[in-house]
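Student: Below is the file model21.pdb, with PDB, C-alpha atoms.
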ATOM      1  CA  MET A   1     102.946  15.210   3.144
ATOM      2  CA  ASN A   2     102.072  16.108  -0.427
ATOM      3  CA  SER A   3     103.715  19.368  -1.546
ATOM      4  CA  HIS A   4     100.515  20.941  -2.866
ATOM      5  CA  LYS A   5      98.578  23.150  -0.428
ATOM      6  CA  ILE A   6      95.271  21.877   0.900
ATOM      7  CA  ILE A   7      92.376  23.674  -0.776
ATOM      8  CA  ALA A   8      89.890  24.830   1.836
ATOM      9  CA  LEU A   9      86.831  23.018   0.516
ATOM     10  CA  PHE A  10      84.896  21.366   3.308
ATOM     11  CA  PHE A  11      82.408  18.588   2.663
ATOM     12  CA  LEU A  12      79.691  17.607   5.147
ATOM     13  CA  PHE A  13      80.633  14.650   7.275
ATOM     14  CA  VAL A  14      78.202  12.280   5.590
ATOM     15  CA  VAL A  15      79.685   9.328   3.736
ATOM     16  CA  CYS A  16      78.268   5.835   3.819
ATOM     17  CA  PHE A  17      81.064   3.347   3.179
ATOM     18  CA  GLN A  18      80.121   0.285   1.184
ATOM     19  CA  ALA A  19      82.118  -2.921   0.857
ATOM     20  CA  ALA A  20      84.671  -2.843  -1.942
ATOM     21  CA  TYR A  21      83.506  -4.504  -5.118
ATOM     22  CA  ALA A  22      86.088  -7.002  -6.365
ATOM     23  CA  ARG A  23      86.455  -7.037 -10.136
ATOM     24  CA  ASP A  24      86.950 -10.327 -11.916
ATOM     25  CA  LEU A  25      90.196  -9.537 -13.736
ATOM     26  CA  PRO A  26      92.833 -11.956 -15.038
ATOM     27  CA  THR A  27      96.386 -12.274 -13.770
ATOM     28  CA  SER A  28      98.749  -9.726 -15.301
ATOM     29  CA  SER A  29     101.131 -11.049 -17.960
ATOM     30  CA  SER A  30     104.804 -11.544 -17.098
ATOM     31  CA  THR A  31     105.831  -9.082 -19.834
ATOM     32  CA  ALA A  32     103.564  -6.346 -18.426
ATOM     33  CA  LEU A  33     105.018  -6.864 -14.940
ATOM     34  CA  GLU A  34     108.529  -6.821 -16.404
ATOM     35  CA  TRP A  35     107.824  -3.313 -17.754
ATOM     36  CA  LEU A  36     106.917  -2.221 -14.225
ATOM     37  CA  LYS A  37     110.149  -3.694 -12.906
ATOM     38  CA  ARG A  38     112.157  -1.768 -15.520
ATOM     39  CA  MET A  39     110.267   1.410 -14.632
ATOM     40  CA  ALA A  40     111.054   0.960 -10.913
ATOM     41  CA  GLU A  41     114.766   0.408 -11.543
ATOM     42  CA  ALA A  42     115.336   3.078 -14.229
ATOM     43  CA  PRO A  43     115.678   6.189 -11.982
ATOM     44  CA  ARG A  44     118.534   4.500 -10.113
ATOM     45  CA  GLN A  45     120.363   3.574 -13.309
ATOM     46  CA  HIS A  46     120.148   6.633 -15.581
ATOM     47  CA  ASP A  47     121.050  10.322 -15.627
ATOM     48  CA  TYR A  48     118.378  12.657 -16.951
ATOM     49  CA  ALA A  49     117.504  16.333 -17.142
ATOM     50  CA  GLY A  50     114.219  17.743 -18.329
ATOM     51  CA  THR A  51     111.041  19.708 -17.750
ATOM     52  CA  PHE A  52     107.692  18.186 -16.859
ATOM     53  CA  VAL A  53     104.186  19.552 -16.414
ATOM     54  CA  TYR A  54     101.709  18.648 -13.682
ATOM     55  CA  PHE A  55      98.001  19.058 -14.505
ATOM     56  CA  ALA A  56      94.958  18.625 -12.248
ATOM     57  CA  ASP A  57      91.666  20.468 -11.700
ATOM     58  CA  ASP A  58      92.491  23.154 -14.306
ATOM     59  CA  TYR A  59      95.790  23.830 -12.512
ATOM     60  CA  ILE A  60      99.099  23.579 -14.360
ATOM     61  CA  GLU A  61     102.576  23.648 -12.802
ATOM     62  CA  THR A  62     105.935  23.337 -14.558
ATOM     63  CA  THR A  63     108.998  21.790 -12.917
ATOM     64  CA  ARG A  64     112.609  21.340 -13.988
ATOM     65  CA  ILE A  65     114.465  18.241 -12.762
ATOM     66  CA  ILE A  66     118.120  17.191 -12.960
ATOM     67  CA  HIS A  67     119.062  13.702 -11.781
ATOM     68  CA  LYS A  68     122.395  11.882 -11.629
ATOM     69  CA  ALA A  69     123.089   8.291 -10.554
ATOM     70  CA  ASP A  70     126.638   7.001 -10.017
ATOM     71  CA  ASP A  71     128.733   4.981  -7.569
ATOM     72  CA  ALA A  72     128.036   7.574  -4.844
ATOM     73  CA  GLY A  73     124.288   7.094  -5.183
ATOM     74  CA  GLU A  74     121.757   9.609  -6.473
ATOM     75  CA  ARG A  75     121.702  13.400  -6.635
ATOM     76  CA  GLU A  76     118.771  15.475  -7.745
ATOM     77  CA  LYS A  77     117.689  19.078  -8.172
ATOM     78  CA  ILE A  78     113.991  19.861  -8.513
ATOM     79  CA  GLU A  79     112.930  23.434  -9.247
ATOM     80  CA  VAL A  80     109.311  24.597  -9.539
ATOM     81  CA  LEU A  81     109.141  27.208 -12.304
ATOM     82  CA  ASP A  82     105.619  28.583 -11.719
ATOM     83  CA  GLY A  83     104.297  30.619  -8.804
ATOM     84  CA  ALA A  84     106.329  30.924  -5.615
ATOM     85  CA  PRO A  85     109.836  29.526  -6.240
ATOM     86  CA  ARG A  86     110.737  26.212  -4.593
ATOM     87  CA  ILE A  87     114.043  24.403  -5.033
ATOM     88  CA  VAL A  88     114.749  20.942  -3.654
ATOM     89  CA  PHE A  89     118.179  19.308  -3.572
ATOM     90  CA  ARG A  90     118.472  15.607  -2.837
ATOM     91  CA  ASN A  91     121.645  13.690  -2.055
ATOM     92  CA  ASN A  92     120.485  10.094  -1.628
ATOM     93  CA  ASP A  93     118.090  10.343   1.358
ATOM     94  CA  GLU A  94     119.204  13.823   2.475
ATOM     95  CA  MET A  95     116.820  16.589   1.347
ATOM     96  CA  LYS A  96     117.139  20.368   1.405
ATOM     97  CA  CYS A  97     114.163  22.501   0.384
ATOM     98  CA  TYR A  98     114.698  26.235  -0.264
ATOM     99  CA  LEU A  99     111.840  28.776  -0.246
ATOM    100  CA  PRO A 100     113.516  31.957  -1.535
ATOM    101  CA  GLU A 101     110.587  34.341  -0.950
ATOM    102  CA  SER A 102     110.462  33.590   2.804
ATOM    103  CA  LYS A 103     114.208  32.875   3.087
ATOM    104  CA  LYS A 104     113.399  29.539   4.715
ATOM    105  CA  MET A 105     115.277  26.295   4.222
ATOM    106  CA  TYR A 106     114.131  22.905   5.476
ATOM    107  CA  THR A 107     116.319  19.818   5.829
ATOM    108  CA  GLU A 108     115.006  16.303   6.172
ATOM    109  CA  LYS A 109     116.153  12.727   5.837
ATOM    110  CA  ARG A 110     113.494  11.114   3.721
ATOM    111  CA  TRP A 111     112.232   7.716   4.830
ATOM    112  CA  PHE A 112     110.514   7.102   1.480
ATOM    113  CA  ARG A 113     111.094   8.475  -1.995
ATOM    114  CA  LYS A 114     108.169   8.970  -4.342
ATOM    115  CA  PHE A 115     108.406  11.823  -6.791
ATOM    116  CA  PHE A 116     107.810  11.787 -10.555
ATOM    117  CA  PRO A 117     109.276   9.974 -12.444
ATOM    118  CA  ASN A 118     110.302   7.746  -9.501
ATOM    119  CA  LEU A 119     106.829   6.514  -8.537
ATOM    120  CA  LEU A 120     107.476   2.869  -7.699
ATOM    121  CA  PRO A 121     109.603   1.261  -5.019
ATOM    122  CA  GLN A 122     112.522  -0.696  -6.367
ATOM    123  CA  SER A 123     110.492  -3.875  -5.908
ATOM    124  CA  SER A 124     107.143  -3.906  -7.715
ATOM    125  CA  GLU A 125     106.109  -7.246  -6.207
ATOM    126  CA  GLY A 126     102.521  -7.407  -5.051
ATOM    127  CA  ILE A 127     101.129  -4.845  -7.493
ATOM    128  CA  ASP A 128      99.410  -7.633  -9.444
ATOM    129  CA  ASP A 129      97.424  -8.451  -6.292
ATOM    130  CA  ASN A 130      95.760  -5.029  -6.429
ATOM    131  CA  TYR A 131      95.957  -3.994 -10.097
ATOM    132  CA  TYR A 132      95.561  -5.728 -13.441
ATOM    133  CA  VAL A 133      98.522  -4.554 -15.526
ATOM    134  CA  LYS A 134      98.020  -4.592 -19.300
ATOM    135  CA  GLU A 135     100.200  -3.554 -22.238
ATOM    136  CA  VAL A 136      98.049  -1.216 -24.327
ATOM    137  CA  LYS A 137     100.025   0.294 -27.212
ATOM    138  CA  ARG A 138     103.181   2.134 -28.226
ATOM    139  CA  GLU A 139     103.064   5.941 -28.264
ATOM    140  CA  ARG A 140     105.568   8.802 -28.457
ATOM    141  CA  VAL A 141     106.286  11.244 -25.613
ATOM    142  CA  THR A 142     108.848  14.014 -26.226
ATOM    143  CA  GLU A 143     109.843  12.244 -29.456
ATOM    144  CA  ARG A 144     110.701   9.015 -27.612
ATOM    145  CA  GLU A 145     108.877   5.733 -28.146
ATOM    146  CA  CYS A 146     107.001   4.558 -25.061
ATOM    147  CA  GLN A 147     105.227   1.401 -24.001
ATOM    148  CA  VAL A 148     101.839   2.347 -22.557
ATOM    149  CA  LEU A 149     100.645   0.304 -19.570
ATOM    150  CA  LEU A 150      97.152   0.425 -18.085
ATOM    151  CA  LEU A 151      96.763  -0.488 -14.400
ATOM    152  CA  THR A 152      93.124  -1.296 -13.606
ATOM    153  CA  PRO A 153      92.318  -1.616  -9.877
ATOM    154  CA  ARG A 154      90.910  -4.979  -8.825
ATOM    155  CA  ASP A 155      88.419  -3.255  -6.490
ATOM    156  CA  ASP A 156      87.037   0.226  -5.829
ATOM    157  CA  LEU A 157      89.503   1.021  -3.022
ATOM    158  CA  ARG A 158      92.084   2.622  -5.351
ATOM    159  CA  TYR A 159      92.540   4.629  -8.540
ATOM    160  CA  GLY A 160      93.667   3.349 -11.914
ATOM    161  CA  HIS A 161      96.897   4.468 -13.596
ATOM    162  CA  GLN A 162      98.299   4.729 -17.080
ATOM    163  CA  PHE A 163     102.084   4.751 -17.556
ATOM    164  CA  TRP A 164     104.126   5.790 -20.603
ATOM    165  CA  ILE A 165     107.497   4.010 -20.234
ATOM    166  CA  ASP A 166     110.500   4.837 -22.427
ATOM    167  CA  THR A 167     111.246   1.640 -24.385
ATOM    168  CA  GLU A 168     114.999   2.314 -24.499
ATOM    169  CA  THR A 169     115.717   3.077 -20.828
ATOM    170  CA  GLY A 170     112.567   2.090 -18.889
ATOM    171  CA  LEU A 171     112.204   5.618 -17.507
ATOM    172  CA  LEU A 172     108.658   6.821 -16.823
ATOM    173  CA  LEU A 173     107.919   9.805 -19.083
ATOM    174  CA  LYS A 174     104.208  10.315 -18.444
ATOM    175  CA  VAL A 175     101.556   9.132 -15.979
ATOM    176  CA  ALA A 176      97.813   9.654 -15.688
ATOM    177  CA  VAL A 177      95.790   8.826 -12.554
ATOM    178  CA  LEU A 178      92.312   7.597 -13.460
ATOM    179  CA  ASP A 179      88.973   7.537 -11.674
ATOM    180  CA  GLY A 180      87.110   5.250 -14.034
ATOM    181  CA  ASN A 181      87.613   6.827 -17.451
ATOM    182  CA  ASP A 182      88.322  10.310 -16.051
ATOM    183  CA  ILE A 183      91.879  11.648 -15.735
ATOM    184  CA  ILE A 184      92.145  13.321 -12.316
ATOM    185  CA  GLU A 185      95.892  13.981 -12.324
ATOM    186  CA  GLN A 186      98.706  13.889 -14.858
ATOM    187  CA  PHE A 187     102.485  14.344 -15.019
ATOM    188  CA  SER A 188     104.263  14.511 -18.362
ATOM    189  CA  PHE A 189     107.729  15.416 -19.568
ATOM    190  CA  VAL A 190     107.646  18.050 -22.289
ATOM    191  CA  GLN A 191     111.425  17.958 -22.756
ATOM    192  CA  ILE A 192     114.024  15.452 -21.547
ATOM    193  CA  GLU A 193     117.598  14.360 -22.177
ATOM    194  CA  ILE A 194     118.624  10.938 -20.901
ATOM    195  CA  ASP A 195     122.202   9.779 -20.204
ATOM    196  CA  LYS A 196     123.787  13.042 -21.332
ATOM    197  CA  GLU A 197     126.700  14.507 -19.372
ATOM    198  CA  ILE A 198     125.528  16.468 -16.281
ATOM    199  CA  PRO A 199     128.192  18.842 -14.903
ATOM    200  CA  PRO A 200     128.686  18.925 -11.089
ATOM    201  CA  GLU A 201     127.767  22.627 -10.909
ATOM    202  CA  SER A 202     124.210  21.700 -11.929
ATOM    203  CA  PHE A 203     123.581  20.675  -8.311
ATOM    204  CA  LYS A 204     124.808  23.895  -6.715
ATOM    205  CA  LEU A 205     122.646  26.721  -5.404
ATOM    206  CA  GLU A 206     122.624  29.767  -7.648
ATOM    207  CA  ARG A 207     125.115  32.484  -6.756
ATOM    208  CA  SER A 208     122.336  35.027  -6.074
ATOM    209  CA  LEU A 209     120.928  32.712  -3.379
ATOM    210  CA  LEU A 210     124.224  31.775  -1.748
ATOM    211  CA  THR A 211     124.604  35.175  -0.104
ATOM    212  CA  ARG A 212     121.227  35.037   1.658
ATOM    213  CA  GLU A 213     120.782  34.371   5.344
ATOM    214  CA  TRP A 214     118.467  31.388   5.466
ATOM    215  CA  HIS A 215     116.258  30.468   8.402
ATOM    216  CA  VAL A 216     117.065  26.767   8.654
ATOM    217  CA  THR A 217     114.688  24.186  10.130
ATOM    218  CA  ASP A 218     115.774  20.577  10.573
ATOM    219  CA  LEU A 219     112.791  18.268  10.307
ATOM    220  CA  VAL A 220     113.556  15.285  12.511
ATOM    221  CA  THR A 221     112.075  11.815  12.212
ATOM    222  CA  SER A 222     112.343   9.087  14.863
ATOM    223  CA  PHE A 223     111.559   5.578  13.666
ATOM    224  CA  LEU A 224     109.524   3.500  16.102
ATOM    225  CA  LYS A 225     109.535  -0.221  16.747
ATOM    226  CA  GLU A 226     106.435  -2.312  16.236
ATOM    227  CA  GLY A 227     103.999  -1.642  19.082
ATOM    228  CA  GLU A 228     105.932   1.348  20.456
ATOM    229  CA  MET A 229     103.325   3.805  19.182
ATOM    230  CA  ARG A 230     100.173   4.263  21.264
ATOM    231  CA  TRP A 231      98.041   3.932  18.148
ATOM    232  CA  LYS A 232      97.277   1.141  15.719
ATOM    233  CA  ILE A 233      95.097   0.456  12.689
ATOM    234  CA  ASN A 234      92.403  -1.956  13.739
ATOM    235  CA  LYS A 235      91.685  -3.289  10.256
ATOM    236  CA  LEU A 236      93.667  -2.522   7.121
ATOM    237  CA  PRO A 237      91.758  -2.362   3.820
ATOM    238  CA  ALA A 238      92.434  -5.217   1.425
ATOM    239  CA  GLY A 239      95.797  -4.911  -0.307
ATOM    240  CA  PHE A 240      97.303  -2.275   2.000
ATOM    241  CA  LYS A 241     100.294  -2.924   4.243
ATOM    242  CA  LYS A 242     101.916  -0.815   6.931
ATOM    243  CA  LEU A 243     105.306   0.507   5.824
ATOM    244  CA  ILE A 244     106.588   2.240   8.944
ATOM    245  CA  GLU A 245     105.764   3.972  12.238
ATOM    246  CA  MET A 246     107.406   7.326  13.006
ATOM    247  CA  ARG A 247     107.364  10.360  15.269
ATOM    248  CA  ARG A 248     108.261  13.640  13.547
ATOM    249  CA  ASN A 249     107.841  17.387  13.349
ATOM    250  CA  LEU A 250     106.233  18.815  10.210
ATOM    251  CA  THR A 251     107.177  22.498  10.575
ATOM    252  CA  GLU A 252     109.644  24.538  12.617
ATOM    253  CA  LYS A 253     107.277  25.188  15.543
ATOM    254  CA  SER A 254     104.983  22.201  15.432
ATOM    255  CA  PRO A 255     105.017  19.607  18.224
ATOM    256  CA  LEU A 256     105.967  16.048  17.363
ATOM    257  CA  VAL A 257     103.232  14.018  15.705
ATOM    258  CA  ASP A 258     102.830  10.279  15.274
ATOM    259  CA  HIS A 259     102.939   9.164  11.648
ATOM    260  CA  LEU A 260     101.800   5.821  10.225
ATOM    261  CA  ALA A 261     102.490   5.127   6.540
ATOM    262  CA  LEU A 262     100.716   2.546   4.363
ATOM    263  CA  SER A 263     100.955   1.398   0.754
ATOM    264  CA  ASP A 264      99.380  -1.067  -1.648
ATOM    265  CA  GLY A 265     102.568  -1.163  -3.730
ATOM    266  CA  LEU A 266     101.642   1.946  -5.720
ATOM    267  CA  ALA A 267      99.292   4.262  -3.798
ATOM    268  CA  THR A 268     100.478   5.616  -0.430
ATOM    269  CA  VAL A 269      98.480   6.787   2.597
ATOM    270  CA  SER A 270      99.769   8.667   5.672
ATOM    271  CA  ILE A 271      98.061   8.993   9.052
ATOM    272  CA  PHE A 272      99.115  11.889  11.316
ATOM    273  CA  ILE A 273      98.043  11.862  14.977
ATOM    274  CA  GLU A 274      98.562  14.956  17.136
ATOM    275  CA  SER A 275      97.407  16.075  20.563
ATOM    276  CA  LEU A 276      94.853  18.866  20.712
ATOM    277  CA  LYS A 277      95.746  21.963  22.709
ATOM    278  CA  LYS A 278      93.437  22.535  25.673
ATOM    279  CA  ASP A 279      92.495  26.119  24.784
ATOM    280  CA  ALA A 280      92.454  25.696  21.007
ATOM    281  CA  PRO A 281      89.144  25.369  19.147
ATOM    282  CA  PRO A 282      88.458  21.799  18.058
ATOM    283  CA  PRO A 283      89.221  20.997  14.417
ATOM    284  CA  ALA A 284      86.338  20.607  12.008
ATOM    285  CA  PRO A 285      85.949  16.912  11.215
ATOM    286  CA  GLY A 286      85.194  15.770   7.696
ATOM    287  CA  PHE A 287      86.663  15.615   4.227
ATOM    288  CA  PHE A 288      88.937  18.042   2.464
ATOM    289  CA  THR A 289      90.263  17.882  -1.066
ATOM    290  CA  ASN A 290      93.638  18.683  -2.485
ATOM    291  CA  ARG A 291      94.405  18.888  -6.181
ATOM    292  CA  GLY A 292      94.280  15.735  -8.201
ATOM    293  CA  ALA A 293      94.346  12.322  -6.536
ATOM    294  CA  ILE A 294      94.987  13.436  -2.933
ATOM    295  CA  ASN A 295      92.101  13.216  -0.463
ATOM    296  CA  ILE A 296      92.136  14.175   3.233
ATOM    297  CA  TYR A 297      89.969  13.012   6.126
ATOM    298  CA  VAL A 298      89.985  14.506   9.659
ATOM    299  CA  ARG A 299      88.448  13.074  12.820
ATOM    300  CA  THR A 300      89.028  13.484  16.560
ATOM    301  CA  LEU A 301      89.461  10.797  19.195
ATOM    302  CA  ASP A 302      90.295  11.225  22.894
ATOM    303  CA  ASP A 303      91.656  14.778  22.566
ATOM    304  CA  HIS A 304      93.655  13.877  19.474
ATOM    305  CA  LYS A 305      93.326  14.953  15.868
ATOM    306  CA  ILE A 306      93.690  12.162  13.313
ATOM    307  CA  THR A 307      94.436  13.306   9.765
ATOM    308  CA  THR A 308      94.498  10.710   6.995
ATOM    309  CA  VAL A 309      96.028  11.792   3.683
ATOM    310  CA  GLY A 310      96.437   9.678   0.582
ATOM    311  CA  GLU A 311      96.169   9.195  -3.157
ATOM    312  CA  VAL A 312      93.074   7.003  -2.886
ATOM    313  CA  PRO A 313      89.293   7.615  -3.121
ATOM    314  CA  VAL A 314      87.487   9.270  -0.195
ATOM    315  CA  GLU A 315      85.770   6.000   0.782
ATOM    316  CA  THR A 316      89.182   4.375   1.287
ATOM    317  CA  ILE A 317      90.506   7.377   3.224
ATOM    318  CA  LYS A 318      87.503   7.182   5.571
ATOM    319  CA  LEU A 319      87.846   3.433   6.023
ATOM    320  CA  ILE A 320      91.497   3.812   7.028
ATOM    321  CA  GLY A 321      90.985   6.905   9.208
ATOM    322  CA  ASP A 322      88.097   5.321  11.119
ATOM    323  CA  SER A 323      90.193   2.196  11.788
ATOM    324  CA  VAL A 324      92.771   4.086  13.887
ATOM    325  CA  VAL A 325      92.400   3.210  17.585
ATOM    326  CA  LYS A 326      94.500   3.321  20.732
ATOM    327  CA  HIS A 327      96.450   0.280  21.832
ATOM    328  CA  ASP A 328      94.690  -1.754  24.507
TER     329      ASP A 328
END
If you convert what's in this file into C-alpha cells, what do you get?
Tutor:
Amino acid sequence: MNSHKIIALFFLFVVCFQAAYARDLPTSSSTALEWLKRMAEAPRQHDYAGTFVYFADDYIETTRIIHKADDAGEREKIEVLDGAPRIVFRNNDEMKCYLPESKKMYTEKRWFRKFFPNLLPQSSEGIDDNYYVKEVKRERVTERECQVLLLTPRDDLRYGHQFWIDTETGLLLKVAVLDGNDIIEQFSFVQIEIDKEIPPESFKLERSLLTREWHVTDLVTSFLKEGEMRWKINKLPAGFKKLIEMRRNLTEKSPLVDHLALSDGLATVSIFIESLKKDAPPPAPGFFTNRGAINIYVRTLDDHKITTVGEVPVETIKLIGDSVVKHD
C-alpha cells in the first residue's frame, strides 16, 4: 500500500456514480510515445543519486535516493529526511525497510515496482488508449534540460499527469498529478547527479544502526492462479486490467488478506479483502482520503471488509470497489 499514512477524514457514504465522459482527443504522436518509452527504460539503464521533494495538501517531504544499475541488476537506497526516519534498501525485487525509532525492520519481495522516478512499467504500451500524450515545451529542472509531456485522460475515470523528462538520459526529474488544471500531487528533484561513480558502501546501513537489535518481520506474498481466489471483479472500468491476484500479510500480526491489483498502464489500484473478526466492531464504510492522488473506499460484504486504494478519483474507486463479488 502507499507509504503515506491514511488521514482520518471520513466522508458520508453518499456518492452517485455517473457514466464516464469520453473526451474526443486525437491519437498521441509517435514522438510523444517514444519519450514515454525512454522514461520507462531510463531507471534500469542509469546510475543516479539525488534529493527530491514530495508536495501535496500543504505537506512537504524530502527524500534522498541512490540508485545503481549494472549486470547484477538494480540496487537502491531510499531515505526519508523529514519526520520519523525511514530507510529502504532494494536489491532487485528484495526490499528491506528500516524504522529506526521503533527498531522494526520489514522484508518483502516486491511484486511490482513503482516509486519516483520509476513510475512506468518497462512497457508503456496501452497508455495511448487511456491518455492523450502531448509534447508541450522544454524546461529546466535542477539545471538539466527536460522535455515536458502532458498526459490528458480520455475520460473522467483517471487523473492527468505532467512529466519533465531529462533530454539526455530519459530519466524522469519531475511529475505533477492533475485534477483538471489543479495540481494535487508533485514530486521533483531539487538536486541530482546522473551516471557518476557510486561507491559500494553507499548501500550499507550506517554504523550507528548496525549494532541495534531489530525486530524483523518478513512480509510474505503468495501468488494465486486465475480463479483460485474466492473473489472477482464483476466489471472492470474502461481501460483497467487486472495485473495479479495475491494472498499476503500487511503487518507482523495481521492475518492473510486477499489482494487484487489493477492498472491502466499508469495509475494503479489495489483491492484488499479480509475477514471480519466475530467480536470486533464493524468497520465504518465510506470514503477516506490520503495525501495527494490516493483515495480509499471501504465497504463490507458477507462478513468481509473490502478496501479499495488507488491513485484515481473517488468515483473510480467506488466503481471498482462495488464491482467486487464472490465467485459463483
Student: In file coordinates, which residues lie within 10 Å of (90.4, 5.8, 1.5) using only C-alpha atoms, given as number ranges by chain?
Tutor: A: 17, 156-158, 237, 269, 294-297, 308-322
Student: Between A:Ile60, A:Leu36, A:Ala42, A:Met95, which one has atoms that come closest to Glu76 (chain A), using all atoms listed in the file?
Tutor: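 Closest candidate: A:Met95.
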Student: What's around region 324-328 of chain A at 8 Å? Count all atoms listed in the file, leave out sequence neighbours fewer than 4 positions away in its own chain, and write the answer as a PyMOL selection string.
Tutor: chain A and resi 230-234+320
Student: Smallest atom-to-atom distance to Tyr59 (chain A): which of A:Ala32, A:Ile184, A:Leu224, A:Ile306, using all atoms listed in the file?
Tutor: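 Between A:Ala32, A:Ile184, A:Leu224, A:Ile306, the residue approaching Tyr59 (chain A) most closely is A:Ile184.
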Student: Name the residues that the PyMOL selection byres ((chain A and resi 245) around 9) picks from the file above, as a PyMOL selection string, using the file's chain letters and numbers.
Tutor: chain A and resi 222-226+228-229+242-244+246-247+258-261
Student: Nearest to Arg138 (chain A) among A:Trp35, A:Phe203, A:Trp164, A:Phe116, with distances taken over all atoms listed in the file: which residue is it?
Tutor: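 Between A:Trp35, A:Phe203, A:Trp164, A:Phe116, the residue approaching Arg138 (chain A) most closely is A:Trp164.
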Student: Would you kindly place N, CA and C atoms on region 185-198 of chain A and return the model as an mmCIF file, in the frame of the given file?
Tutor:
data_model
loop_
_atom_site.group_PDB
_atom_site.id
_atom_site.type_symbol
_atom_site.label_atom_id
_atom_site.label_comp_id
_atom_site.auth_asym_id
_atom_site.auth_seq_id
_atom_site.Cartn_x
_atom_site.Cartn_y
_atom_site.Cartn_z
ATOM 1 N N GLU A 185 94.570 13.424 -12.576
ATOM 2 C CA GLU A 185 95.892 13.981 -12.324
ATOM 3 C C GLU A 185 96.845 13.451 -13.389
ATOM 4 N N GLN A 186 97.782 14.320 -13.817
ATOM 5 C CA GLN A 186 98.706 13.889 -14.858
ATOM 6 C C GLN A 186 100.055 14.585 -14.727
ATOM 7 N N PHE A 187 101.136 13.817 -14.892
ATOM 8 C CA PHE A 187 102.485 14.344 -15.019
ATOM 9 C C PHE A 187 103.004 13.939 -16.385
ATOM 10 N N SER A 188 103.717 14.858 -17.055
ATOM 11 C CA SER A 188 104.263 14.511 -18.362
ATOM 12 C C SER A 188 105.491 15.355 -18.668
ATOM 13 N N PHE A 189 106.569 14.683 -19.073
ATOM 14 C CA PHE A 189 107.729 15.416 -19.568
ATOM 15 C C PHE A 189 107.370 16.094 -20.878
ATOM 16 N N VAL A 190 107.796 17.334 -21.022
ATOM 17 C CA VAL A 190 107.646 18.050 -22.289
ATOM 18 C C VAL A 190 109.000 18.208 -22.971
ATOM 19 N N GLN A 191 110.067 17.938 -22.222
ATOM 20 C CA GLN A 191 111.425 17.958 -22.756
ATOM 21 C C GLN A 191 112.292 17.138 -21.813
ATOM 22 N N ILE A 192 113.147 16.263 -22.393
ATOM 23 C CA ILE A 192 114.024 15.452 -21.547
ATOM 24 C C ILE A 192 115.242 14.991 -22.335
ATOM 25 N N GLU A 193 116.375 14.957 -21.652
ATOM 26 C CA GLU A 193 117.598 14.360 -22.177
ATOM 27 C C GLU A 193 118.024 13.263 -21.208
ATOM 28 N N ILE A 194 118.295 12.085 -21.735
ATOM 29 C CA ILE A 194 118.624 10.938 -20.901
ATOM 30 C C ILE A 194 120.051 10.491 -21.202
ATOM 31 N N ASP A 195 120.820 10.267 -20.127
ATOM 32 C CA ASP A 195 122.202 9.779 -20.204
ATOM 33 C C ASP A 195 123.134 10.731 -20.956
ATOM 34 N N LYS A 196 122.855 12.022 -20.857
ATOM 35 C CA LYS A 196 123.787 13.042 -21.332
ATOM 36 C C LYS A 196 124.642 13.501 -20.149
ATOM 37 N N GLU A 197 125.791 14.052 -20.426
ATOM 38 C CA GLU A 197 126.700 14.507 -19.372
ATOM 39 C C GLU A 197 126.040 15.617 -18.537
ATOM 40 N N ILE A 198 126.075 15.467 -17.196
ATOM 41 C CA ILE A 198 125.528 16.468 -16.281
ATOM 42 C C ILE A 198 126.672 17.015 -15.449
#
